[in-house]
Amino acid sequence: MGQFIVKYRLLVLIVGFIWATAWVLPPIVPMGVSLAFLLVFTFTRNVPYFLITFFLLLFFSDSRQEVFLFAQDAKTYSSLLLPINFLGSYRNLKFSAHILPHLAAYLIIAWITILWADNPALAVQKTLSYTFIVTIIPVLFIQCFQDDDEFLKDIFYLFTSLFLVGLVLKYVLPEFVIMEKNARFTGLLGNPNGIGIFITLAFIYFQILLRTGIVKFNRWDLILFYIGLFASLYFCKSRTAMMTVIIFYALNLIYNYSHFIGWLFFFTLAYMYEFILEAIPVVTDFLGFSEDLRVENVDKIKRGSGRDIAWKFAWDNIKDHMFWGHGVSATEELYIKNYRTLSMLGHEGNAHNSYLTIWYDTGIVGLLSLLLGIITYFIKVSKELPFVMPSLFAVFFSINYESWLSASLNPFTTMFLMIATLLGYIAIDYLPLKVEKDEEANNSEEKELILSS
């Protein structure tokens, strides 16, 4: 961790300076400072600094705190710098497993739905930003790794730091990281659901590094990460995050035993997710956490979160345009327009379901194209990495309770793309090259033995 701080000491000072200005000056000032630094990183081709700063803007924009209001506009303007960074990166890139071809059909459909979108101007903006994220983030991420093989560990340290800062603030500045209305821990994010999603994706990223051996960890790396992740999980009381961790470990054991049984189990659970929901109180009761994690029974889970109201409302509106949707971001507009009605019923927020959100936005055609694109990509990668499908199912479980995959300018979609890209790079590029190098080394040793004899 200390090496990470020393290596990125300039960036740490910059982020600290931006945060300090945000406390005492109007939001336009820290926003301008953020964009100025991002411009400098762009034109000096400092891609690691740009990518980390861009991610932090996405991360802070999810916060409910006024001090981070500047990040809402800053992330939108900074996304326009992505193509410039892309132009300076893609020519020198050497990797085969890009997720873009698998998601191209969804992007095309999303652009087509603009023709009949409820709000065409907003749909264009949202579709463009989604296209930028899907196309460019994987390229920048892999370039950073190819230029510096420690970059993967740097991202690990970044995630660990965000966990630990949130935990420290719980005791130093509790009102900053604990929601007043329900006393639940949010970390540096906007709500407990946000920190839950972050836990899920950071956990999967860590498992990739650990299981492939592409990064070496020392004891303190593991201690700090586990403390940050599991303490955040306990304090935020996210049922979804807890179940995704359990699902990953359970499915991974099955896939290690048999790929066929793993696939069978995967599709069985995909069609019987209610079984998983019902298992939450059983598991937490066994562990003695039922009261702490708010899971006394299944009905309370559904009613207490308001998700059943949100899901029913989404489904009732999907029926009007079942096949082609209303344009990207239409779901968000729908819930804003009906905020008062839904609030009276006991729900606040969006659809809390990526499947329903994407379905309403781009129709069943768009939803199926996105899911099939993701599944085919992960199948391709899973031939070399058996834990890939457990990772995918954990993500699919997460997006069943939150709408993050349907949006572009949040930290979670970017994290997912990093994960998918890293898996593809390891399976298609890194492992074959490693095998080839090992064979060459063995052949050289054999020749030396023959010559010496």
# chains A, B, ... in the order shown; residues from 1 in each chain; ligands from 1

call {"tool": "closest_atom_pairs", "arguments": {"of": "segment 406-431 of chain A", "to": "segment 188-208 of chain A", "cutoff": "8 Å", "atoms": "only C-alpha atoms", "output": "CSV"}}
result
residue,atom,partner,partner_atom,distance
A:Phe412,CA,A:Phe198,CA,6.8
A:Met415,CA,A:Leu201,CA,6.7
A:Phe416,CA,A:Leu201,CA,6.8
A:Ile419,CA,A:Tyr205,CA,5.9
A:Leu423,CA,A:Ile208,CA,7.4

call {"tool": "residues_around", "arguments": {"residues": "segment 151-163 of chain A", "least_positions_apart": "5", "cutoff": "6 Å", "atoms": "only C-alpha atoms", "output": "PyMOL selection string"}}
result
chain A and resi 145+225+228

call {"tool": "residues_around", "arguments": {"residues": "Phe387 of chain A", "least_positions_apart": "5", "cutoff": "12 Å", "atoms": "only C-alpha atoms", "output": "PyMOL selection string"}}
result
chain A and resi 204-205+207-212+247-259+262-263+378-379+381-382+392-394+423+427

call {"tool": "closest_residue", "arguments": {"among": "A:Leu69, A:Val215, A:Val168, A:Leu82", "to": "Phe132 of chain A", "atoms": "only C-alpha atoms"}}
result
A:Leu82

call {"tool": "atom_distance", "arguments": {"atom1": "atom CA of Leu56 of chain A", "atom2": "atom CA of Thr331 of chain A"}}
result
25.8 Å

call {"tool": "closest_residue", "arguments": {"among": "A:Gly424, A:Gly187, A:Pro27, A:Pro411", "to": "Leu100 of chain A", "atoms": "only C-alpha atoms"}}
result
A:Gly424

call {"tool": "residues_around", "arguments": {"residues": "segment 335-351 of chain A", "least_positions_apart": "6", "cutoff": "7 Å", "atoms": "only C-alpha atoms", "output": "list of chain:residue names"}}
result
A:Gly306, A:Ile309, A:Ala310, A:Trp311, A:Ala314, A:Thr357, A:Ser403

call {"tool": "write_last_selection", "arguments": {"atoms": "C-alpha atoms", "output": "compact mmCIF listing (two decimals), in the first residue's frame"}}
result
# COMPACT_ATOMS: atom_id res chain seq x y z
CA GLY A 306 -39.69 -1.37 -2.10
CA ILE A 309 -43.30 -1.94 -6.15
CA ALA A 310 -40.55 -0.75 -8.51
CA TRP A 311 -40.50 -4.02 -10.45
CA ALA A 314 -41.60 -1.26 -14.58
CA THR A 357 -34.41 -1.07 -17.09
CA SER A 403 -29.87 -0.90 -12.42

call {"tool": "select_by_dssp", "arguments": {"residues": "segment 81-202 of chain A", "states": "helix (DSSP H, G or I)", "output": "mmCIF file with C-alpha atoms, in the first residue's frame"}}
result
data_model
loop_
_atom_site.group_PDB
_atom_site.id
_atom_site.type_symbol
_atom_site.label_atom_id
_atom_site.label_comp_id
_atom_site.auth_asym_id
_atom_site.auth_seq_id
_atom_site.Cartn_x
_atom_site.Cartn_y
_atom_site.Cartn_z
ATOM 1 C CA LEU A 81 -11.908 13.451 -23.289
ATOM 2 C CA LEU A 82 -12.143 9.663 -23.621
ATOM 3 C CA PRO A 83 -11.943 9.638 -27.444
ATOM 4 C CA ILE A 84 -8.766 11.765 -27.368
ATOM 5 C CA ASN A 85 -7.109 9.299 -24.989
ATOM 6 C CA PHE A 86 -8.382 6.451 -27.143
ATOM 7 C CA LEU A 87 -6.772 7.867 -30.302
ATOM 8 C CA TYR A 90 -5.338 1.996 -29.615
ATOM 9 C CA ARG A 91 -2.584 1.940 -32.261
ATOM 10 C CA ASN A 92 -0.003 0.596 -29.827
ATOM 11 C CA LEU A 100 -16.744 -4.640 -27.903
ATOM 12 C CA PRO A 101 -17.618 -7.054 -30.778
ATOM 13 C CA HIS A 102 -19.848 -8.977 -28.380
ATOM 14 C CA LEU A 103 -21.710 -5.809 -27.343
ATOM 15 C CA ALA A 104 -21.830 -4.188 -30.781
ATOM 16 C CA ALA A 105 -25.333 -5.493 -31.538
ATOM 17 C CA TYR A 106 -26.689 -3.935 -28.331
ATOM 18 C CA LEU A 107 -25.054 -0.583 -29.090
ATOM 19 C CA ILE A 108 -26.531 -0.586 -32.598
ATOM 20 C CA ILE A 109 -30.001 -1.334 -31.240
ATOM 21 C CA ALA A 110 -29.600 1.390 -28.604
ATOM 22 C CA TRP A 111 -28.779 3.928 -31.317
ATOM 23 C CA ILE A 112 -31.769 2.793 -33.417
ATOM 24 C CA THR A 113 -34.191 3.274 -30.494
ATOM 25 C CA ILE A 114 -33.357 6.987 -30.518
ATOM 26 C CA LEU A 115 -35.645 7.292 -33.559
ATOM 27 C CA TRP A 116 -38.713 6.799 -31.346
ATOM 28 C CA PRO A 120 -34.388 11.921 -28.154
ATOM 29 C CA ALA A 121 -31.843 14.530 -26.992
ATOM 30 C CA LEU A 122 -31.243 12.792 -23.676
ATOM 31 C CA ALA A 123 -31.200 9.379 -25.360
ATOM 32 C CA VAL A 124 -28.453 10.554 -27.714
ATOM 33 C CA GLN A 125 -26.332 11.799 -24.795
ATOM 34 C CA LYS A 126 -26.769 8.604 -22.773
ATOM 35 C CA THR A 127 -26.204 6.293 -25.733
ATOM 36 C CA LEU A 128 -23.091 8.210 -26.753
ATOM 37 C CA SER A 129 -21.614 8.006 -23.249
ATOM 38 C CA TYR A 130 -22.405 4.274 -23.078
ATOM 39 C CA THR A 131 -20.684 3.776 -26.429
ATOM 40 C CA PHE A 132 -17.630 5.701 -25.210
ATOM 41 C CA ILE A 133 -17.386 3.656 -22.019
ATOM 42 C CA VAL A 134 -17.771 0.257 -23.693
ATOM 43 C CA THR A 135 -15.383 1.126 -26.514
ATOM 44 C CA ILE A 136 -12.669 3.068 -24.725
ATOM 45 C CA ILE A 137 -12.367 1.982 -21.081
ATOM 46 C CA PRO A 138 -11.108 -1.541 -21.997
ATOM 47 C CA VAL A 139 -8.479 -0.042 -24.321
ATOM 48 C CA LEU A 140 -7.161 2.422 -21.738
ATOM 49 C CA PHE A 141 -7.160 -0.237 -19.020
ATOM 50 C CA ILE A 142 -5.119 -2.720 -21.035
ATOM 51 C CA GLN A 143 -2.712 -0.049 -22.274
ATOM 52 C CA CYS A 144 -1.953 0.933 -18.686
ATOM 53 C CA PHE A 145 -1.222 -2.702 -17.858
ATOM 54 C CA GLN A 146 0.931 -3.273 -20.933
ATOM 55 C CA ASP A 147 2.962 -0.165 -20.162
ATOM 56 C CA PHE A 151 -0.986 -1.381 -12.843
ATOM 57 C CA LEU A 152 -3.343 -4.257 -12.016
ATOM 58 C CA LYS A 153 -2.068 -4.185 -8.463
ATOM 59 C CA ASP A 154 -2.385 -0.386 -8.424
ATOM 60 C CA ILE A 155 -6.119 -0.736 -9.127
ATOM 61 C CA PHE A 156 -6.337 -3.314 -6.338
ATOM 62 C CA TYR A 157 -4.694 -0.805 -3.978
ATOM 63 C CA LEU A 158 -7.099 1.885 -5.184
ATOM 64 C CA PHE A 159 -10.117 -0.256 -4.297
ATOM 65 C CA THR A 160 -8.579 -1.166 -0.924
ATOM 66 C CA SER A 161 -7.912 2.510 -0.174
ATOM 67 C CA LEU A 162 -11.521 3.486 -0.932
ATOM 68 C CA PHE A 163 -12.743 0.805 1.457
ATOM 69 C CA LEU A 164 -10.359 1.857 4.226
ATOM 70 C CA VAL A 165 -11.040 5.596 3.904
ATOM 71 C CA GLY A 166 -14.758 4.911 4.253
ATOM 72 C CA LEU A 167 -14.168 2.809 7.369
ATOM 73 C CA VAL A 168 -11.918 5.449 8.950
ATOM 74 C CA LEU A 169 -14.575 8.111 8.330
ATOM 75 C CA LYS A 170 -17.115 5.907 10.093
ATOM 76 C CA TYR A 171 -15.316 6.726 13.331
ATOM 77 C CA VAL A 172 -13.821 10.128 12.498
ATOM 78 C CA PRO A 174 -19.669 9.277 10.943
ATOM 79 C CA GLU A 175 -22.307 11.603 9.487
ATOM 80 C CA PHE A 176 -20.368 11.523 6.203
ATOM 81 C CA VAL A 177 -20.662 7.764 5.683
ATOM 82 C CA PRO A 192 -25.694 1.113 1.172
ATOM 83 C CA ASN A 193 -26.679 -0.442 -2.159
ATOM 84 C CA GLY A 194 -23.829 1.448 -3.831
ATOM 85 C CA ILE A 195 -21.185 0.171 -1.431
ATOM 86 C CA GLY A 196 -22.722 -3.294 -1.852
ATOM 87 C CA ILE A 197 -22.192 -3.213 -5.616
ATOM 88 C CA PHE A 198 -18.665 -1.907 -5.123
ATOM 89 C CA ILE A 199 -17.959 -4.788 -2.737
ATOM 90 C CA THR A 200 -19.223 -7.317 -5.300
ATOM 91 C CA LEU A 201 -17.117 -6.028 -8.191
ATOM 92 C CA ALA A 202 -13.980 -5.347 -6.120
#

call {"tool": "atom_distance", "arguments": {"atom1": "atom CA of Phe260 of chain A", "atom2": "atom CA of Asp429 of chain A"}}
result
25.3 Å
